[in-house]
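Here's the structure, in structure tokens; my notes come after.
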Amino acid sequence: MSQSAAGWVPDWAVPAGVRAIQTERGEAGASQPPFDAFNLADHVGDAPAAVAANRAALRASLALPAEPGWLRQVHGARVVALPAGAGAEADAAWTDRPGVVCAVLTADCLPVLMTDDDGTVVAAAHAGWRGLAAGVLEATVAALPVPPARLRAWLGPAIGPTAFEVGPEVRAAFLQEDRGDATAFRAGRGDRWWADLPVLARRRLQRCGVGRIDGGTWCTVSEPERWYSHRRDGRSGRMASLIWRL
């Protein structure tokens, strides 16, 4: 990824006219510990004034065309169209309108950005294990008015396969739909398993017909200076993954 004023530009081949940004926890933000410093979430207990200041700095530094269409994320599979769906209870958003910013907030769950070959649509999805198992990526692909074969996706920072320990019920939730998802789980202690969220996401996107998938290599737990992690820290801020059409 290459650096921008308020985050990182994914190393991802997107059409001209599409912009994507991944923010980090940062050093130059208004949030105080344990949310230091560039927290963008207003639901984690951070001071509202600090969140507002960070969101204003995000808009200004990136020259965003509009306030991002923030969602009330609930680990489900609902997808909304923006701008009408801004503020809705949902875990993914898409738009075909220029100047409308799709965004998801994460701190271990997997952010997934999508666009098509011609840059006519963009989407952002919040994919923790519950959302993945519920079909949030399949629902997002289905919502987009373009053939899946023309889509490309980018997987952002998430809890990595050496840090994400889960119970047998999580593994069972995936294997009951596709036994091949066993490749995303490694046996741990007792009945526990180590789960690989990016592998699970890739498999689901590929089953939908999405063939070009980048990213998925950053572990939020292992880089505390760079990423927020709810599992590591308990109380934590959130990064944002944003995508929009010019």
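Here, A, B, ... name the chains of the structure tokens in the order displayed, residue numbers run from 1 inside each chain, and ligands are numbered from 1 in the same displayed order.
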
Find the residues near range 146-158 of chain A: any atom within 9 Å, counting only C-alpha atoms, skip ones fewer than 3 places away on the same chain, and give them as a ChimeraX atom specification. /A:10-14,22,106-118,120-121,128,141-143,197-198,201-202,205,208-221,227,229,241

Selected residues written out with N, CA and C atoms, as a compact mmCIF listing (two decimals), in the first residue's frame:
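Saved file result.txt follows:
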# COMPACT_ATOMS: atom_id res chain seq x y z
N PRO A 10 -4.76 1.13 -0.93
CA PRO A 10 -4.50 -0.30 -1.17
C PRO A 10 -3.75 -0.54 -2.47
N ASP A 11 -2.84 -1.50 -2.42
CA ASP A 11 -2.12 -1.92 -3.61
C ASP A 11 -3.05 -2.84 -4.40
N TRP A 12 -3.88 -2.20 -5.19
CA TRP A 12 -5.03 -2.87 -5.77
C TRP A 12 -5.34 -2.20 -7.10
N ALA A 13 -5.40 -2.97 -8.16
CA ALA A 13 -5.63 -2.40 -9.49
C ALA A 13 -7.10 -2.05 -9.66
N VAL A 14 -7.42 -0.78 -9.46
CA VAL A 14 -8.79 -0.32 -9.63
C VAL A 14 -8.87 0.58 -10.86
N GLN A 22 -7.54 2.91 3.26
CA GLN A 22 -7.59 2.19 4.52
C GLN A 22 -6.93 3.04 5.59
N THR A 106 -13.79 -1.34 11.30
CA THR A 106 -13.35 -2.64 11.80
C THR A 106 -12.25 -2.50 12.84
N ALA A 107 -12.10 -3.59 13.64
CA ALA A 107 -10.99 -3.68 14.59
C ALA A 107 -10.74 -5.15 14.87
N ASP A 108 -10.67 -5.97 13.87
CA ASP A 108 -10.43 -7.42 13.84
C ASP A 108 -11.26 -8.08 12.75
N CYS A 109 -12.52 -7.64 12.59
CA CYS A 109 -13.33 -8.16 11.49
C CYS A 109 -12.69 -7.75 10.16
N LEU A 110 -13.05 -8.45 9.11
CA LEU A 110 -12.42 -8.24 7.81
C LEU A 110 -13.20 -7.22 6.98
N PRO A 111 -12.55 -6.11 6.58
CA PRO A 111 -13.20 -5.20 5.63
C PRO A 111 -12.93 -5.67 4.20
N VAL A 112 -13.98 -5.63 3.37
CA VAL A 112 -13.85 -6.06 1.99
C VAL A 112 -14.38 -4.94 1.09
N LEU A 113 -13.52 -4.46 0.19
CA LEU A 113 -13.92 -3.45 -0.78
C LEU A 113 -14.07 -4.10 -2.15
N MET A 114 -15.03 -3.61 -2.93
CA MET A 114 -15.27 -4.15 -4.26
C MET A 114 -15.53 -3.05 -5.27
N THR A 115 -15.16 -3.32 -6.51
CA THR A 115 -15.54 -2.49 -7.64
C THR A 115 -15.58 -3.38 -8.87
N ASP A 116 -15.98 -2.83 -9.99
CA ASP A 116 -16.04 -3.61 -11.22
C ASP A 116 -15.00 -3.12 -12.21
N ASP A 117 -14.85 -3.83 -13.31
CA ASP A 117 -13.81 -3.53 -14.29
C ASP A 117 -13.90 -2.11 -14.82
N ASP A 118 -15.12 -1.59 -14.95
CA ASP A 118 -15.31 -0.27 -15.52
C ASP A 118 -15.47 0.82 -14.47
N THR A 120 -17.98 1.31 -12.43
CA THR A 120 -19.34 1.85 -12.42
C THR A 120 -20.03 1.68 -11.06
N VAL A 121 -19.52 0.74 -10.25
CA VAL A 121 -20.08 0.51 -8.92
C VAL A 121 -18.94 0.32 -7.92
N GLY A 128 -16.96 -10.06 9.67
CA GLY A 128 -16.46 -10.91 10.74
C GLY A 128 -16.94 -12.33 10.47
N VAL A 141 -22.33 -9.14 -3.38
CA VAL A 141 -22.13 -9.44 -4.80
C VAL A 141 -23.47 -9.48 -5.53
N ALA A 142 -24.48 -10.08 -4.90
CA ALA A 142 -25.80 -10.18 -5.52
C ALA A 142 -26.46 -8.82 -5.68
N ALA A 143 -26.15 -7.87 -4.79
CA ALA A 143 -26.77 -6.55 -4.86
C ALA A 143 -26.21 -5.69 -5.98
N LEU A 197 -9.75 -15.92 8.50
CA LEU A 197 -10.83 -15.13 7.90
C LEU A 197 -10.60 -14.81 6.43
N PRO A 198 -9.40 -14.35 6.05
CA PRO A 198 -9.19 -14.05 4.63
C PRO A 198 -9.41 -15.26 3.72
N ALA A 201 -13.09 -15.74 3.36
CA ALA A 201 -13.67 -14.71 2.49
C ALA A 201 -13.33 -14.99 1.03
N ARG A 202 -12.09 -15.35 0.75
CA ARG A 202 -11.69 -15.66 -0.62
C ARG A 202 -12.53 -16.80 -1.19
N LEU A 205 -16.05 -15.52 -1.98
CA LEU A 205 -16.07 -14.66 -3.16
C LEU A 205 -15.86 -15.49 -4.43
N CYS A 208 -18.87 -17.19 -5.56
CA CYS A 208 -19.80 -16.25 -6.18
C CYS A 208 -19.39 -15.91 -7.62
N GLY A 209 -18.17 -16.24 -8.00
CA GLY A 209 -17.70 -15.91 -9.33
C GLY A 209 -16.74 -14.76 -9.40
N VAL A 210 -16.31 -14.24 -8.23
CA VAL A 210 -15.34 -13.15 -8.19
C VAL A 210 -13.95 -13.79 -8.23
N GLY A 211 -13.18 -13.49 -9.26
CA GLY A 211 -11.90 -14.15 -9.44
C GLY A 211 -10.69 -13.35 -9.05
N ARG A 212 -10.80 -12.01 -9.03
CA ARG A 212 -9.65 -11.17 -8.72
C ARG A 212 -9.77 -10.61 -7.31
N ILE A 213 -8.96 -11.17 -6.42
CA ILE A 213 -9.05 -10.85 -5.00
C ILE A 213 -7.65 -10.56 -4.49
N ASP A 214 -7.44 -9.37 -3.96
CA ASP A 214 -6.14 -8.95 -3.44
C ASP A 214 -6.22 -8.71 -1.94
N GLY A 215 -5.04 -8.51 -1.32
CA GLY A 215 -4.98 -8.16 0.09
C GLY A 215 -5.10 -9.37 1.00
N GLY A 216 -5.52 -9.10 2.24
CA GLY A 216 -5.72 -10.16 3.22
C GLY A 216 -4.47 -10.62 3.92
N THR A 217 -3.45 -9.76 4.01
CA THR A 217 -2.17 -10.18 4.59
C THR A 217 -1.81 -9.46 5.89
N TRP A 218 -2.66 -8.55 6.37
CA TRP A 218 -2.32 -7.76 7.57
C TRP A 218 -3.09 -8.28 8.77
N CYS A 219 -2.37 -8.57 9.87
CA CYS A 219 -3.00 -9.05 11.10
C CYS A 219 -3.14 -7.90 12.09
N THR A 220 -4.37 -7.58 12.46
CA THR A 220 -4.63 -6.48 13.38
C THR A 220 -4.07 -6.74 14.78
N VAL A 221 -4.08 -7.99 15.20
CA VAL A 221 -3.63 -8.31 16.56
C VAL A 221 -2.13 -8.13 16.72
N TRP A 227 -2.74 -0.97 14.01
CA TRP A 227 -4.14 -1.34 13.88
C TRP A 227 -4.84 -1.42 15.24
N SER A 229 -7.44 -3.45 17.62
CA SER A 229 -7.85 -4.85 17.75
C SER A 229 -8.71 -5.00 18.99
N SER A 241 -12.43 1.58 6.28
CA SER A 241 -12.09 1.20 4.90
C SER A 241 -13.11 1.89 4.01

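Secondary structure by DSSP on the backbone puts the following residues of range 47-124 of chain A in alpha helix (DSSP H): Pro48, Ala49, Ala50, Val51, Ala52, Ala53, Asn54, Arg55, Ala56, Ala57, Leu58, Arg59, Ala60, Ser61 and Leu62 of chain A.
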
Could you check which of A:Ala124, A:Gly69, A:Val100, A:Glu169 is closest to Gly85 in chain A, using only C-alpha atoms?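 Once distances to Gly85 in chain A are computed over only C-alpha atoms, the minimum belongs to A:Gly69.
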
Would you mind listing what lies within 7 Å of Ala20 in chain A as number ranges by chain, with only C-alpha atoms counted and same-chain residues fewer than 2 positions away left out? A: 9-10, 18, 242-244

Where does DSSP see strand (DSSP E or B) in range 89-245 of chain A, if you list the residues as a PyMOL selection string? chain A and resi 89+92-95+101-106+110-116+122-127+151-155+158+165-166+185-187+193-195+212-215+219+239-245

Skip Ala47 in chain A itself and residues of its chain fewer than 3 positions away, then list as an mmCIF file with N, CA, C and O atoms, in the first residue's frame all residues within 8 Å of it, counting only C-alpha atoms.
data_model
loop_
_atom_site.group_PDB
_atom_site.id
_atom_site.type_symbol
_atom_site.label_atom_id
_atom_site.label_comp_id
_atom_site.auth_asym_id
_atom_site.auth_seq_id
_atom_site.Cartn_x
_atom_site.Cartn_y
_atom_site.Cartn_z
ATOM 1 N N SER A 31 -8.372 11.323 19.591
ATOM 2 C CA SER A 31 -8.813 10.368 20.608
ATOM 3 C C SER A 31 -7.719 10.070 21.625
ATOM 4 O O SER A 31 -6.542 9.937 21.278
ATOM 5 N N ALA A 50 -14.075 13.967 20.070
ATOM 6 C CA ALA A 50 -12.867 13.419 19.464
ATOM 7 C C ALA A 50 -13.194 12.688 18.168
ATOM 8 O O ALA A 50 -12.492 12.828 17.163
ATOM 9 N N VAL A 51 -14.281 11.913 18.189
ATOM 10 C CA VAL A 51 -14.692 11.197 16.980
ATOM 11 C C VAL A 51 -15.061 12.190 15.879
ATOM 12 O O VAL A 51 -14.666 12.026 14.717
#

Closest to Gln206 in chain A among A:Leu62, A:Leu137, A:Ala182, A:Ala172, using only C-alpha atoms? A:Leu137

With only C-alpha atoms as the counted atoms, please give the residues lying no more than 8 Å from Ala41 in chain A, apart from itself and same-chain residues fewer than 5 positions off, as a list of chain:residue names.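 Final neighbour list, sorted by chain and number: A:Asp46, A:Val51, A:Leu105, A:Gly237, A:Arg238, A:Met239.
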
What is the distance between CA of Ser222 in chain A and CA of Glu165 in chain A, in Å to one decimal? 13.9 Å

Quick check, in Å to one decimal: how far apart do CA of Pro48 in chain A and CA of Ala127 in chain A lie? 25.5 Å

Best match for closeness to Ala57 in chain A among A:Pro34, A:Gly160, A:Gly7, A:Gly119, counting only C-alpha atoms: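 Among the listed residues, A:Gly7 lies closest to Ala57 in chain A.
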
Can you work out the spacing between CA of Val101 in chain A and CA of Phe38 in chain A in Å, to one decimal? 18.7 Å

Close residues, range 72-79 of chain A itself excluded, 9 Å, only C-alpha atoms, min 4 positions apart in chain, as a PyMOL selection string: chain A and resi 43+85-94+104-105+125-140+143

Output N, CA and C atoms of each residue in that selection to a file, as a PDB file, in the first residue's frame.
ATOM      1  N   HIS A  43     -19.433   4.504  18.490  1.00  0.00           N
ATOM      2  CA  HIS A  43     -20.213   3.582  19.311  1.00  0.00           C
ATOM      3  C   HIS A  43     -19.349   2.791  20.295  1.00  0.00           C
ATOM      4  N   GLY A  85     -29.255   4.663   2.104  1.00  0.00           N
ATOM      5  CA  GLY A  85     -29.097   3.750   3.229  1.00  0.00           C
ATOM      6  C   GLY A  85     -28.143   4.212   4.303  1.00  0.00           C
ATOM      7  N   ALA A  86     -27.580   5.400   4.198  1.00  0.00           N
ATOM      8  CA  ALA A  86     -26.648   5.895   5.214  1.00  0.00           C
ATOM      9  C   ALA A  86     -27.313   5.904   6.586  1.00  0.00           C
ATOM     10  N   GLY A  87     -26.611   5.402   7.588  1.00  0.00           N
ATOM     11  CA  GLY A  87     -27.140   5.350   8.944  1.00  0.00           C
ATOM     12  C   GLY A  87     -27.979   4.129   9.234  1.00  0.00           C
ATOM     13  N   ALA A  88     -28.184   3.272   8.235  1.00  0.00           N
ATOM     14  CA  ALA A  88     -29.017   2.093   8.422  1.00  0.00           C
ATOM     15  C   ALA A  88     -28.286   1.020   9.212  1.00  0.00           C
ATOM     16  N   GLU A  89     -29.056   0.100   9.795  1.00  0.00           N
ATOM     17  CA  GLU A  89     -28.495  -1.085  10.428  1.00  0.00           C
ATOM     18  C   GLU A  89     -28.175  -2.074   9.315  1.00  0.00           C
ATOM     19  N   ALA A  90     -26.919  -2.199   8.993  1.00  0.00           N
ATOM     20  CA  ALA A  90     -26.485  -3.024   7.869  1.00  0.00           C
ATOM     21  C   ALA A  90     -24.991  -3.265   8.001  1.00  0.00           C
ATOM     22  N   ASP A  91     -24.482  -4.224   7.213  1.00  0.00           N
ATOM     23  CA  ASP A  91     -23.058  -4.531   7.267  1.00  0.00           C
ATOM     24  C   ASP A  91     -22.367  -4.438   5.918  1.00  0.00           C
ATOM     25  N   ALA A  92     -23.062  -3.891   4.936  1.00  0.00           N
ATOM     26  CA  ALA A  92     -22.434  -3.624   3.652  1.00  0.00           C
ATOM     27  C   ALA A  92     -23.227  -2.539   2.947  1.00  0.00           C
ATOM     28  N   ALA A  93     -22.517  -1.799   2.087  1.00  0.00           N
ATOM     29  CA  ALA A  93     -23.159  -0.726   1.336  1.00  0.00           C
ATOM     30  C   ALA A  93     -22.534  -0.658  -0.046  1.00  0.00           C
ATOM     31  N   TRP A  94     -23.330  -0.219  -1.006  1.00  0.00           N
ATOM     32  CA  TRP A  94     -22.822  -0.057  -2.366  1.00  0.00           C
ATOM     33  C   TRP A  94     -23.448   1.179  -2.994  1.00  0.00           C
ATOM     34  N   VAL A 104     -16.830   1.039   5.900  1.00  0.00           N
ATOM     35  CA  VAL A 104     -17.084   0.141   7.024  1.00  0.00           C
ATOM     36  C   VAL A 104     -16.008   0.367   8.072  1.00  0.00           C
ATOM     37  N   LEU A 105     -16.353   0.091   9.327  1.00  0.00           N
ATOM     38  CA  LEU A 105     -15.448   0.242  10.459  1.00  0.00           C
ATOM     39  C   LEU A 105     -15.079  -1.134  10.994  1.00  0.00           C
ATOM     40  N   ALA A 125     -17.892  -3.955   2.576  1.00  0.00           N
ATOM     41  CA  ALA A 125     -18.573  -4.927   3.438  1.00  0.00           C
ATOM     42  C   ALA A 125     -17.764  -5.163   4.699  1.00  0.00           C
ATOM     43  N   HIS A 126     -18.485  -5.379   5.795  1.00  0.00           N
ATOM     44  CA  HIS A 126     -17.908  -5.685   7.110  1.00  0.00           C
ATOM     45  C   HIS A 126     -18.122  -7.178   7.337  1.00  0.00           C
ATOM     46  N   ALA A 127     -17.010  -7.940   7.348  1.00  0.00           N
ATOM     47  CA  ALA A 127     -17.124  -9.397   7.344  1.00  0.00           C
ATOM     48  C   ALA A 127     -16.351 -10.027   8.492  1.00  0.00           C
ATOM     49  N   GLY A 128     -16.958 -10.056   9.671  1.00  0.00           N
ATOM     50  CA  GLY A 128     -16.455 -10.905  10.738  1.00  0.00           C
ATOM     51  C   GLY A 128     -16.943 -12.326  10.473  1.00  0.00           C
ATOM     52  N   TRP A 129     -16.646 -13.246  11.386  1.00  0.00           N
ATOM     53  CA  TRP A 129     -17.034 -14.622  11.083  1.00  0.00           C
ATOM     54  C   TRP A 129     -18.548 -14.779  11.033  1.00  0.00           C
ATOM     55  N   ARG A 130     -19.266 -14.045  11.878  1.00  0.00           N
ATOM     56  CA  ARG A 130     -20.731 -14.161  11.843  1.00  0.00           C
ATOM     57  C   ARG A 130     -21.292 -13.630  10.529  1.00  0.00           C
ATOM     58  N   GLY A 131     -20.772 -12.498  10.082  1.00  0.00           N
ATOM     59  CA  GLY A 131     -21.231 -11.948   8.820  1.00  0.00           C
ATOM     60  C   GLY A 131     -20.882 -12.839   7.647  1.00  0.00           C
ATOM     61  N   LEU A 132     -19.662 -13.401   7.667  1.00  0.00           N
ATOM     62  CA  LEU A 132     -19.281 -14.320   6.602  1.00  0.00           C
ATOM     63  C   LEU A 132     -20.207 -15.522   6.569  1.00  0.00           C
ATOM     64  N   ALA A 133     -20.442 -16.118   7.742  1.00  0.00           N
ATOM     65  CA  ALA A 133     -21.310 -17.295   7.796  1.00  0.00           C
ATOM     66  C   ALA A 133     -22.745 -16.958   7.398  1.00  0.00           C
ATOM     67  N   ALA A 134     -23.168 -15.727   7.676  1.00  0.00           N
ATOM     68  CA  ALA A 134     -24.538 -15.314   7.315  1.00  0.00           C
ATOM     69  C   ALA A 134     -24.665 -14.980   5.838  1.00  0.00           C
ATOM     70  N   GLY A 135     -23.529 -14.800   5.143  1.00  0.00           N
ATOM     71  CA  GLY A 135     -23.579 -14.550   3.711  1.00  0.00           C
ATOM     72  C   GLY A 135     -23.473 -13.102   3.307  1.00  0.00           C
ATOM     73  N   VAL A 136     -22.779 -12.271   4.094  1.00  0.00           N
ATOM     74  CA  VAL A 136     -22.706 -10.846   3.760  1.00  0.00           C
ATOM     75  C   VAL A 136     -21.989 -10.615   2.432  1.00  0.00           C
ATOM     76  N   LEU A 137     -20.963 -11.401   2.121  1.00  0.00           N
ATOM     77  CA  LEU A 137     -20.276 -11.192   0.855  1.00  0.00           C
ATOM     78  C   LEU A 137     -21.118 -11.646  -0.327  1.00  0.00           C
ATOM     79  N   GLU A 138     -21.795 -12.757  -0.188  1.00  0.00           N
ATOM     80  CA  GLU A 138     -22.695 -13.214  -1.245  1.00  0.00           C
ATOM     81  C   GLU A 138     -23.811 -12.202  -1.487  1.00  0.00           C
ATOM     82  N   ALA A 139     -24.331 -11.634  -0.389  1.00  0.00           N
ATOM     83  CA  ALA A 139     -25.409 -10.645  -0.521  1.00  0.00           C
ATOM     84  C   ALA A 139     -24.906  -9.377  -1.197  1.00  0.00           C
ATOM     85  N   THR A 140     -23.668  -8.997  -0.901  1.00  0.00           N
ATOM     86  CA  THR A 140     -23.104  -7.800  -1.524  1.00  0.00           C
ATOM     87  C   THR A 140     -22.906  -8.011  -3.019  1.00  0.00           C
ATOM     88  N   ALA A 143     -26.146  -7.875  -4.795  1.00  0.00           N
ATOM     89  CA  ALA A 143     -26.769  -6.547  -4.858  1.00  0.00           C
ATOM     90  C   ALA A 143     -26.213  -5.694  -5.979  1.00  0.00           C
TER      91      ALA A 143
END
